[in-house]
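Heads up, the thing below is written out as structure tokens.
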Amino acid sequence: MCIYMIKMEKRKIVALGQSSHVISLPKVWLKTNNLNKGDYISILPQSNGSLFIYPSNGATQDTPSIQLRVVVDEGDASIVRKIIGAYMDGYTHIKLRSEKIFTVDQHAAIRHIANTLYMMVIESEASNVVLETLIDESKASVFAGVERMHLITYSMFRDTLQALRSRDRALASSVAPLENDVDQLMFFLLRLIRSAAQDLSLGSRLGIDPLSCLDYQRLVHSIESIADHVAVMATSVVALLDSDFEVPASVYDGILKAADVAFSSYDLAVRCFLSSNVDPTNEIIDEKSLIEGLYSQLTPLPLIGDQGSTSLLAHIISIRESIKGISHYISDIAELTIERAYKIKK
């Protein structure tokens with residue numbers, strides 16, 4: 001992408017014939033984009049009354065590429081963070097070069113994150129690896145991606161509650177791995193949203209303006225955080241079912257009741273956002289108070305007696321805290337829906 005600096009200036013509208021009006025275009029912009037007489041440009045009206053002008057032909061954009069240097073003995077986590085950062089900034093090709101050679105663990109970490117980010121390894125040598133994105137952002141859909149992300153999280157939450165209610169260890173064990181699918185969609189959607197915020201023509205094709213990009217970014221983060229909490233809940237349910245410990249009835253019932261409220265509120269909150277339905281949002285936000293009331297009844301937790309252990313008590317607390325955390329993100333989604341409803345129309 002070509003970057004150039006130009007000062008703000010006024011240009012006079014000139015009459016051309018009896019019905020047409022024209023303005024001149026800055027020479028530096030024409031030169032930067034290799035545009036000449038007879039070439040075409042595209043004009044996209046914006047909701048704020050401005051016009052977005054971009055080349056329809058002329059210079060073609062180079063494939064965004066970046067080279068990342070990997071130092072000797074650099075940790076896997078550091079390499080993964082570099083790759084994620086480059087991916088989120090819109091690079092199509094990510095080239096990694098090691099000062100010496102990649103270790104087996106480094107290669108494994110690179111391939112794992114590449115899979116998570118919908119990328120593939122197109123070149124691989126002892127000291128060089130090249131990753132390439134597999135998805136064409138221009139043909140993607142933010143709305144459809146969010147829906148898929150929500151449905152996976154919804155199914156995780158539903159199965160965790162069912163496993164807790166029916167004491168089904170196999171069902172609870174199947175939940176946590178699905179969080180990886182949510183992460184895949186999160187990274188892709190955030191990359192797509194960031195690209196749309198910078199490229200108004202892409203945003204137009206996707207049907208989202210810059211302000212909506214901010215809203216969808218918040219939504220995606222909230223859904224991913226809820227999925228994280230649900231995965232933690234499922235893991236704790238497995239630990240409880242693997243033990244002989246009987247959760248006190250008052251605690252068990254309180255957790256189930258709070259979780260049921262959070263589950264129904266989560267689904268409703270996301271559906272309200274996607275349909276721009278602001279009517280149930282206050283009810284959703286009020287449900288947070290109900291969950292906090294149930295939470296206070298479980299604080300402090302009743303004594304669990306000799307049959308319990310510190311680790312098992314920690315799992316019960318983990319489930320309780322996850323439900324409370326989920327309620328906060330649900331409330332955030334509802335408040336975001338209200339904010340979108342009163343966005344200034346231009």
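Following the order of the structure tokens, chains are lettered A, B, ..., residues in each are numbered from 1, and ligands are numbered from 1.
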Apply DSSP to the structure's backbone, then extract all residues of stretch 5-182 of chain A labelled helix (DSSP H, G or I) and return them as a PyMOL selection string.
chain A and resi 27-32+76-88+104-116+137-139+142-166+169-173+176-182
If you count only C-alpha atoms, which residues fall within 12 Å of A:Pro280, apart from same-chain ones fewer than 6 positions away, as a PDB file with N, CA and C atoms, in the first residue's frame?
```
ATOM      1  N   SER A 265     -29.557 -15.504  28.925  1.00  0.00           N
ATOM      2  CA  SER A 265     -29.256 -14.092  28.698  1.00  0.00           C
ATOM      3  C   SER A 265     -28.196 -13.917  27.618  1.00  0.00           C
ATOM      4  N   TYR A 266     -27.213 -14.826  27.585  1.00  0.00           N
ATOM      5  CA  TYR A 266     -26.155 -14.736  26.576  1.00  0.00           C
ATOM      6  C   TYR A 266     -26.723 -14.869  25.172  1.00  0.00           C
ATOM      7  N   ASP A 267     -27.529 -15.889  24.961  1.00  0.00           N
ATOM      8  CA  ASP A 267     -28.103 -16.102  23.625  1.00  0.00           C
ATOM      9  C   ASP A 267     -28.949 -14.912  23.208  1.00  0.00           C
ATOM     10  N   LEU A 268     -29.764 -14.405  24.125  1.00  0.00           N
ATOM     11  CA  LEU A 268     -30.633 -13.275  23.815  1.00  0.00           C
ATOM     12  C   LEU A 268     -29.816 -12.017  23.520  1.00  0.00           C
ATOM     13  N   ALA A 269     -28.742 -11.792  24.275  1.00  0.00           N
ATOM     14  CA  ALA A 269     -27.932 -10.584  24.090  1.00  0.00           C
ATOM     15  C   ALA A 269     -27.302 -10.540  22.707  1.00  0.00           C
ATOM     16  N   VAL A 270     -26.739 -11.658  22.258  1.00  0.00           N
ATOM     17  CA  VAL A 270     -26.102 -11.683  20.937  1.00  0.00           C
ATOM     18  C   VAL A 270     -27.140 -11.548  19.833  1.00  0.00           C
ATOM     19  N   ARG A 271     -28.283 -12.223  19.996  1.00  0.00           N
ATOM     20  CA  ARG A 271     -29.332 -12.109  18.978  1.00  0.00           C
ATOM     21  C   ARG A 271     -29.870 -10.685  18.889  1.00  0.00           C
ATOM     22  N   CYS A 272     -29.968 -10.007  20.007  1.00  0.00           N
ATOM     23  CA  CYS A 272     -30.426  -8.610  20.005  1.00  0.00           C
ATOM     24  C   CYS A 272     -29.428  -7.722  19.262  1.00  0.00           C
ATOM     25  N   PHE A 273     -28.129  -7.947  19.488  1.00  0.00           N
ATOM     26  CA  PHE A 273     -27.113  -7.164  18.788  1.00  0.00           C
ATOM     27  C   PHE A 273     -27.215  -7.380  17.283  1.00  0.00           C
ATOM     28  N   ASP A 286     -30.615  -6.342  33.644  1.00  0.00           N
ATOM     29  CA  ASP A 286     -31.164  -6.612  34.978  1.00  0.00           C
ATOM     30  C   ASP A 286     -30.853  -8.036  35.441  1.00  0.00           C
ATOM     31  N   GLU A 287     -30.749  -8.978  34.478  1.00  0.00           N
ATOM     32  CA  GLU A 287     -30.426 -10.355  34.838  1.00  0.00           C
ATOM     33  C   GLU A 287     -29.056 -10.437  35.498  1.00  0.00           C
ATOM     34  N   SER A 331     -23.744  -8.360  29.899  1.00  0.00           N
ATOM     35  CA  SER A 331     -24.210  -6.993  30.126  1.00  0.00           C
ATOM     36  C   SER A 331     -23.525  -6.024  29.161  1.00  0.00           C
ATOM     37  N   ILE A 333     -22.482  -6.673  26.151  1.00  0.00           N
ATOM     38  CA  ILE A 333     -23.083  -6.849  24.820  1.00  0.00           C
ATOM     39  C   ILE A 333     -24.420  -6.115  24.750  1.00  0.00           C
ATOM     40  N   ALA A 334     -25.210  -6.223  25.811  1.00  0.00           N
ATOM     41  CA  ALA A 334     -26.506  -5.538  25.839  1.00  0.00           C
ATOM     42  C   ALA A 334     -26.329  -4.023  25.796  1.00  0.00           C
ATOM     43  N   GLU A 335     -25.365  -3.502  26.561  1.00  0.00           N
ATOM     44  CA  GLU A 335     -25.108  -2.063  26.555  1.00  0.00           C
ATOM     45  C   GLU A 335     -24.602  -1.597  25.194  1.00  0.00           C
ATOM     46  N   THR A 337     -25.451  -2.910  22.355  1.00  0.00           N
ATOM     47  CA  THR A 337     -26.636  -2.881  21.485  1.00  0.00           C
ATOM     48  C   THR A 337     -27.400  -1.580  21.658  1.00  0.00           C
ATOM     49  N   ILE A 338     -27.516  -1.107  22.900  1.00  0.00           N
ATOM     50  CA  ILE A 338     -28.197   0.160  23.167  1.00  0.00           C
ATOM     51  C   ILE A 338     -27.427   1.314  22.529  1.00  0.00           C
TER      52      ILE A 338
END
```
Between A:Tyr342, A:Tyr91, A:Tyr295, A:Tyr216, which has the minimum distance to A:Val146 (counting only C-alpha atoms)?
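Closest residue, counting only C-alpha atoms: A:Tyr216.
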Give me the residues within 9 Å of A:Gln217 as number ranges by chain, counting only C-alpha atoms and dropping any in the same chain fewer than 2 places off.
A: 189-190, 193-194, 212-215, 219-222
Neighbour list for A:Val70 as JSON, numbers by chain, cut-off 8 Å, only C-alpha atoms, skip fewer than 2 positions in-chain
{"A": [68, 72, 74, 79, 96, 97, 98, 99]}
